Each structure stands twice: as structure tokens, then as C-alpha cells.
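Peer 1: So that you have it, the file is model-v8.txt, and it contains compact mmCIF, C-alpha atoms:
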# COMPACT_ATOMS: atom_id res chain seq x y z
CA MET J 1 35.18 4.69 23.81
CA ASN J 2 32.96 1.71 24.29
CA GLN J 3 32.52 -1.17 21.86
CA LYS J 4 29.44 0.37 20.23
CA GLU J 5 31.23 3.67 19.53
CA ILE J 6 34.33 1.91 18.15
CA LYS J 7 32.17 -0.19 15.81
CA ALA J 8 30.34 2.99 14.71
CA LEU J 9 33.72 4.62 13.97
CA LYS J 10 34.78 1.61 11.91
CA LYS J 11 31.49 1.69 9.99
CA GLU J 12 31.93 5.42 9.33
CA ILE J 13 35.47 4.83 8.01
CA ILE J 14 34.29 2.06 5.67
CA GLU J 15 31.37 4.15 4.36
CA GLU J 16 32.99 7.60 4.21
CA GLY J 17 36.64 6.67 3.67
CA ALA J 18 39.51 7.12 6.10
CA LEU J 19 40.43 10.51 4.65
CA ASN J 20 36.97 11.95 5.32
CA VAL J 21 37.06 10.79 8.94
CA GLY J 22 40.64 11.95 9.36
CA TYR J 23 43.65 10.03 10.58
CA TYR J 24 47.19 10.58 11.78
CA PRO J 25 49.86 9.62 9.20
CA ARG J 26 51.50 7.24 11.71
CA ILE J 27 48.61 4.83 11.15
CA ILE J 28 50.15 3.65 7.86
CA SER J 29 53.37 2.51 9.48
CA LYS J 30 51.38 0.98 12.35
CA ILE J 31 49.27 -1.07 9.91
CA THR J 32 52.33 -2.34 8.04
CA GLU J 33 54.12 -3.06 11.34
CA LEU J 34 51.27 -5.09 12.84
CA TRP J 35 49.98 -6.68 9.61
CA PRO J 36 52.78 -6.71 7.00
CA GLU J 37 50.71 -8.91 4.70
CA MET J 38 48.09 -6.15 4.43
CA ILE J 39 50.15 -4.14 1.92
CA ALA J 40 50.62 -7.19 -0.33
CA GLU J 41 46.88 -7.85 -0.28
CA PHE J 42 46.22 -4.20 -1.12
CA VAL J 43 48.60 -4.21 -4.10
CA LYS J 44 47.11 -7.48 -5.35
CA GLU J 45 43.59 -6.08 -5.05
CA ILE J 46 44.49 -2.91 -6.95
CA ALA J 47 46.19 -4.96 -9.69
CA LEU J 48 43.17 -7.23 -10.04
CA GLN J 49 40.81 -4.26 -10.27
CA GLY J 50 42.98 -2.79 -13.02
CA LEU J 51 43.27 0.66 -11.44
CA ASP J 52 45.74 2.98 -13.11
CA VAL J 53 47.83 3.92 -10.07
CA ALA J 54 49.83 6.49 -12.03
CA THR J 55 46.73 8.67 -12.41
CA ILE J 56 45.68 8.48 -8.74
CA SER J 57 47.15 11.06 -6.35
CA HIS J 58 49.30 9.93 -3.42
CA PRO J 59 46.79 10.90 -0.65
CA LEU J 60 44.03 8.98 -2.40
CA ILE J 61 46.16 5.83 -2.60
CA LEU J 62 46.94 6.12 1.12
CA ASN J 63 43.25 6.71 1.84
CA LEU J 64 42.34 3.63 -0.17
CA PHE J 65 45.00 1.56 1.63
CA VAL J 66 43.86 2.61 5.12
CA THR J 67 40.17 2.15 4.27
CA LYS J 68 40.72 -1.33 2.75
CA ALA J 69 42.88 -2.36 5.71
CA ILE J 70 40.17 -1.28 8.16
CA GLU J 71 37.56 -3.19 6.14
CA LYS J 72 39.51 -6.43 6.51
CA MET J 73 40.14 -6.07 10.27
CA ASN J 74 38.05 -7.57 13.02
CA TYR J 75 36.99 -5.59 16.09
CA GLN J 76 40.06 -6.45 18.20
CA GLU J 77 42.48 -5.46 15.44
CA PHE J 78 40.63 -2.22 14.73
CA LYS J 79 40.56 -1.37 18.43
CA ILE J 80 44.39 -1.13 18.31
CA LEU J 81 44.24 1.41 15.46
CA ALA J 82 41.19 3.39 16.60
CA PRO J 83 43.24 6.04 18.50
CA TYR J 84 44.93 7.00 15.21
CA PHE J 85 41.64 8.36 13.85
CA LEU J 86 40.44 11.89 14.54
CA GLY J 87 36.93 10.68 15.42
CA TYR J 88 38.30 8.67 18.35
CA ARG J 89 37.64 10.05 21.83
CA GLN J 90 39.93 8.94 24.64
CA ALA J 91 38.40 7.52 27.79
CA GLU J 92 39.55 8.66 31.23
CA ASP J 93 41.78 5.61 31.74
CA GLU J 94 43.58 6.21 28.42
CA ILE J 95 44.75 9.74 29.20
CA LEU J 96 48.41 9.65 30.20
CA ALA J 97 48.75 13.14 31.68
CA GLU J 98 48.13 13.62 35.37
CA PRO J 99 47.38 16.84 37.21
CA ILE J 100 50.06 18.22 39.51
CA GLN J 101 49.15 18.07 43.18
CA ILE J 102 49.92 21.57 44.42
CA THR J 103 51.14 21.74 47.98
CA ARG J 104 52.28 24.91 49.67
CA ARG J 105 55.91 23.87 49.13
CA GLU J 106 55.34 23.19 45.40
CA TYR J 107 53.47 26.47 45.02
CA LEU J 108 56.35 28.43 46.49
CA ARG J 109 58.87 26.52 44.36
CA PHE J 110 56.91 27.36 41.20
CA GLN J 111 56.75 31.00 42.30
CA PHE J 112 60.52 31.29 42.76
CA GLU J 113 61.75 28.90 40.04
CA GLY J 114 58.90 29.21 37.53
CA GLU J 115 60.88 30.84 34.75
CA LYS J 116 63.75 28.42 35.15
CA LEU J 117 61.43 25.38 35.26
CA PHE J 118 59.31 26.26 32.23
CA ASP J 119 61.51 28.45 30.06
CA TYR J 120 63.73 26.19 27.99
CA LYS J 121 66.36 28.02 26.04
CA GLU J 122 68.02 26.00 23.35
CA PRO J 123 71.77 26.53 23.35
CA ASN J 124 72.91 28.50 20.33
CA PRO J 125 76.57 27.68 19.65
CA SER J 126 78.66 30.06 17.60
CA LEU J 127 79.51 29.38 13.97
CA GLU J 128 83.08 28.41 14.90
CA GLU J 129 81.85 25.88 17.47
CA ARG J 130 79.42 24.33 14.97
CA LEU J 131 82.12 24.13 12.27
CA LYS J 132 84.54 22.55 14.72
CA ALA J 133 81.95 19.99 15.81
CA LEU J 134 81.18 19.09 12.19
CA THR J 135 84.76 18.92 10.93
CA THR J 136 86.74 17.37 13.77
CA MET J 137 86.71 13.89 15.19
CA VAL J 138 88.19 13.08 18.57
CA VAL J 139 89.90 9.70 18.75
CA SER J 140 90.98 8.07 22.00
CA ASN J 141 94.65 7.34 22.75
CA ASP J 142 94.16 3.57 22.73
CA ASN J 143 94.83 1.29 19.78
CA GLN J 144 91.54 0.72 17.97
CA PRO J 145 90.50 -2.13 15.68
CA ILE J 146 89.04 -0.53 12.56
CA ALA J 147 88.60 -3.43 10.13
CA TYR J 148 88.40 -7.22 10.05
CA GLN J 149 89.25 -9.46 7.10
CA PRO J 150 87.29 -12.71 7.70
CA ILE J 151 89.07 -14.86 5.09
CA SER J 152 92.60 -14.38 6.40
CA HIS J 153 91.43 -13.59 9.94
CA ARG J 154 93.37 -10.32 10.04
CA ILE J 155 92.50 -7.24 12.01
CA ALA J 156 93.53 -3.72 11.01
CA ILE J 157 94.42 -1.65 14.05
CA LEU J 158 94.70 2.10 14.28
CA GLU J 159 97.75 2.66 16.46
CA SER J 160 97.98 5.69 18.66
CA CYS J 161 101.16 7.69 18.81
CA GLU J 162 102.46 10.08 21.41
CA GLU J 163 103.27 12.97 19.10
CA MET J 164 100.50 14.99 17.54
CA PRO J 165 100.21 14.21 13.81
CA GLU J 166 99.62 16.88 11.20
CA PRO J 167 95.90 17.30 10.59
CA PHE J 168 94.69 16.26 7.14
CA ILE J 169 92.52 18.89 5.51
CA ASP J 170 90.64 17.86 2.40
CA PRO J 171 90.64 20.79 -0.04
CA GLY J 172 87.22 19.72 -1.37
Show me the file's structure as C-alpha cells.
Peer 2:
Amino acid sequence: MNQKEIKALKKEIIEEGALNVGYYPRIISKITELWPEMIAEFVKEIALQGLDVATISHPLILNLFVTKAIEKMNYQEFKILAPYFLGYRQAEDEILAEPIQITRREYLRFQFEGEKLFDYKEPNPSLEERLKALTTMVVSNDNQPIAYQPISHRIAILESCEEMPEPFIDPG
């Protein structure tokens, strides 16, 4: 999108509200990551206006936060967040996917290995395997430091032994 279209998107968000334009939920964490002071300003503004936050639904508060944040941003700041709005159209240079160049060799490989290349089957372990994975912990044979007491400068070490100890099973 060019500068004119991005400014038009910003104007639409300010006039219509971010919720009416549509945005991806990740925008909220992106705003607070890039401008952490924005949330403090928003809370202060709501408190000064005397809005009863308890009566406002969660999506409307988020809409108000995103809209107010966009209002306070300049063009360069908004340009970073523009792709998080549904009204944003990606330019050719922003698209990350690339077409596959099909050669005769690649075509034949896709013909013979197509199912194997594109058919992912998630392994489905048995119940016993899942229970074993969740309830057992494999520890190496070496001595392992497991705790440090900084005042007395002592280290607790888990010593390995040659014989196999009895497993502890918690009845709970």
C-alpha cells in the first residue's frame, strides 16, 4: 500500500473504530511491545473520562484501546501496525511466498513422491507410550548439581549409583 492508502486506512480506523475495520488480535501485544507507555495513557484517559469499565464488554475495551492507540500514532508508527488490520492490502514486495520453479526433474519427483511430500501424518502413540512419557523421567548417570545455597556456598548434588533403585510411585 502506498502512503495515501495507509493514511486513508488510519483515518477509517479513527472514524469507524478498529473493530469495524477489523484487526488481528496480535495487534494488541504488538502495540504494548512497541509502545509500553500506550496502555498507561489509555488507562489514565479512561479514568479521567469517568467511564465505568465494569459495564463495558471486553471486545469494546480492546476496540477502544486499539483505536486510541492508532489516534496517537504518527504515520511511521502506524505503518508498522497497518498489516494487522483487515483493510490492509499487501504489496508485491511484502509477500513472502514464492512460486516453485517446476523443472522436468521436480515434476517427476512430485509425481513419484507427492503423497509422501505433502501428506503429513501426525504420529499417534499408544496410551501406554503417552503414560510412560508423562510419568517417567530419565536421568543421566553423571552426578548432577540440583540446588545451590548462596549463603553457605553449598551445592546439593544428586549422586548416581550403579544399582537400579526402587521406583517411587506416588499413590495420589
Peer 1: Counting all atoms listed in the file, figure out which residue out of J:Lys30, J:Gly87, J:Ile6, J:Thr135 gets nearest to Asn74 in chain J.
Peer 2: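 Smallest separation from Asn74 in chain J among the options: J:Ile6.
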Peer 1: Set the distance at 7 Å and use only C-alpha atoms: which residues neighbour range 53-68 of chain J once local chain neighbours fewer than 5 positions away are removed? I'd like the list as a ChimeraX atom specification.
Peer 2: /J:13-14,17-19,28,42
Peer 1: Expressed in Å to a single decimal, how great is the separation between CA of Gln49 in chain J and CA of Glu12 in chain J?
Peer 2: 23.6 Å
Peer 1: Which residues come within 12 Å of range 32-35 of chain J, counting only C-alpha atoms, excluding same-chain residues fewer than 3 positions away, as a ChimeraX atom specification?
Peer 2: /J:26-29,38-42,65-66,69-70,72-73,77-78,80-81
Peer 1: Give the centre and edge lengths of an axis-aligned box, in Å to one decimal, that holds all listed atoms of range 32-50 of chain J with 8 Å on each side, as JSON.
Peer 2:
{"center_x": 47.5, "center_y": -5.6, "center_z": -0.1, "size_x": 29.3, "size_y": 22.6, "size_z": 41.9}
Peer 1: CA of Gln76 in chain J and CA of Gln3 in chain J, how far apart in Å?
Peer 2: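 Value for the CA of Gln3 in chain J-CA of Gln76 in chain J distance: 9.9 Å.
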Peer 1: Give me range 142-155 of chain J with N, CA and C atoms filled in, as a tab-separated table (two decimals), in the frame of the given file.
Peer 2:
chain	number	residue	atom	x	y	z
J	142	ASP	N	93.95	5.01	22.81
J	142	ASP	CA	94.16	3.57	22.73
J	142	ASP	C	94.24	3.10	21.29
J	143	ASN	N	94.84	1.93	21.10
J	143	ASN	CA	94.83	1.29	19.78
J	143	ASN	C	93.40	0.83	19.51
J	144	GLN	N	92.93	1.04	18.29
J	144	GLN	CA	91.54	0.72	17.97
J	144	GLN	C	91.46	-0.19	16.76
J	145	PRO	N	90.74	-1.31	16.87
J	145	PRO	CA	90.50	-2.13	15.68
J	145	PRO	C	89.54	-1.37	14.77
J	146	ILE	N	89.90	-1.29	13.48
J	146	ILE	CA	89.04	-0.53	12.56
J	146	ILE	C	88.52	-1.38	11.41
J	147	ALA	N	89.09	-2.58	11.21
J	147	ALA	CA	88.60	-3.43	10.13
J	147	ALA	C	88.96	-4.89	10.43
J	148	TYR	N	88.16	-5.80	9.88
J	148	TYR	CA	88.40	-7.22	10.05
J	148	TYR	C	88.28	-7.90	8.70
J	149	GLN	N	89.26	-8.71	8.36
J	149	GLN	CA	89.25	-9.46	7.10
J	149	GLN	C	88.93	-10.90	7.47
J	150	PRO	N	87.71	-11.39	7.22
J	150	PRO	CA	87.29	-12.71	7.70
J	150	PRO	C	87.98	-13.89	7.02
J	151	ILE	N	88.46	-13.73	5.79
J	151	ILE	CA	89.07	-14.86	5.09
J	151	ILE	C	90.44	-15.17	5.67
J	152	SER	N	91.26	-14.15	5.85
J	152	SER	CA	92.60	-14.38	6.40
J	152	SER	C	92.65	-14.18	7.91
J	153	HIS	N	91.52	-13.83	8.50
J	153	HIS	CA	91.43	-13.59	9.94
J	153	HIS	C	92.43	-12.53	10.40
J	154	ARG	N	92.48	-11.42	9.67
J	154	ARG	CA	93.37	-10.32	10.04
J	154	ARG	C	92.55	-9.14	10.54
J	155	ILE	N	93.15	-8.42	11.45
J	155	ILE	CA	92.50	-7.24	12.01
J	155	ILE	C	93.39	-6.03	11.73
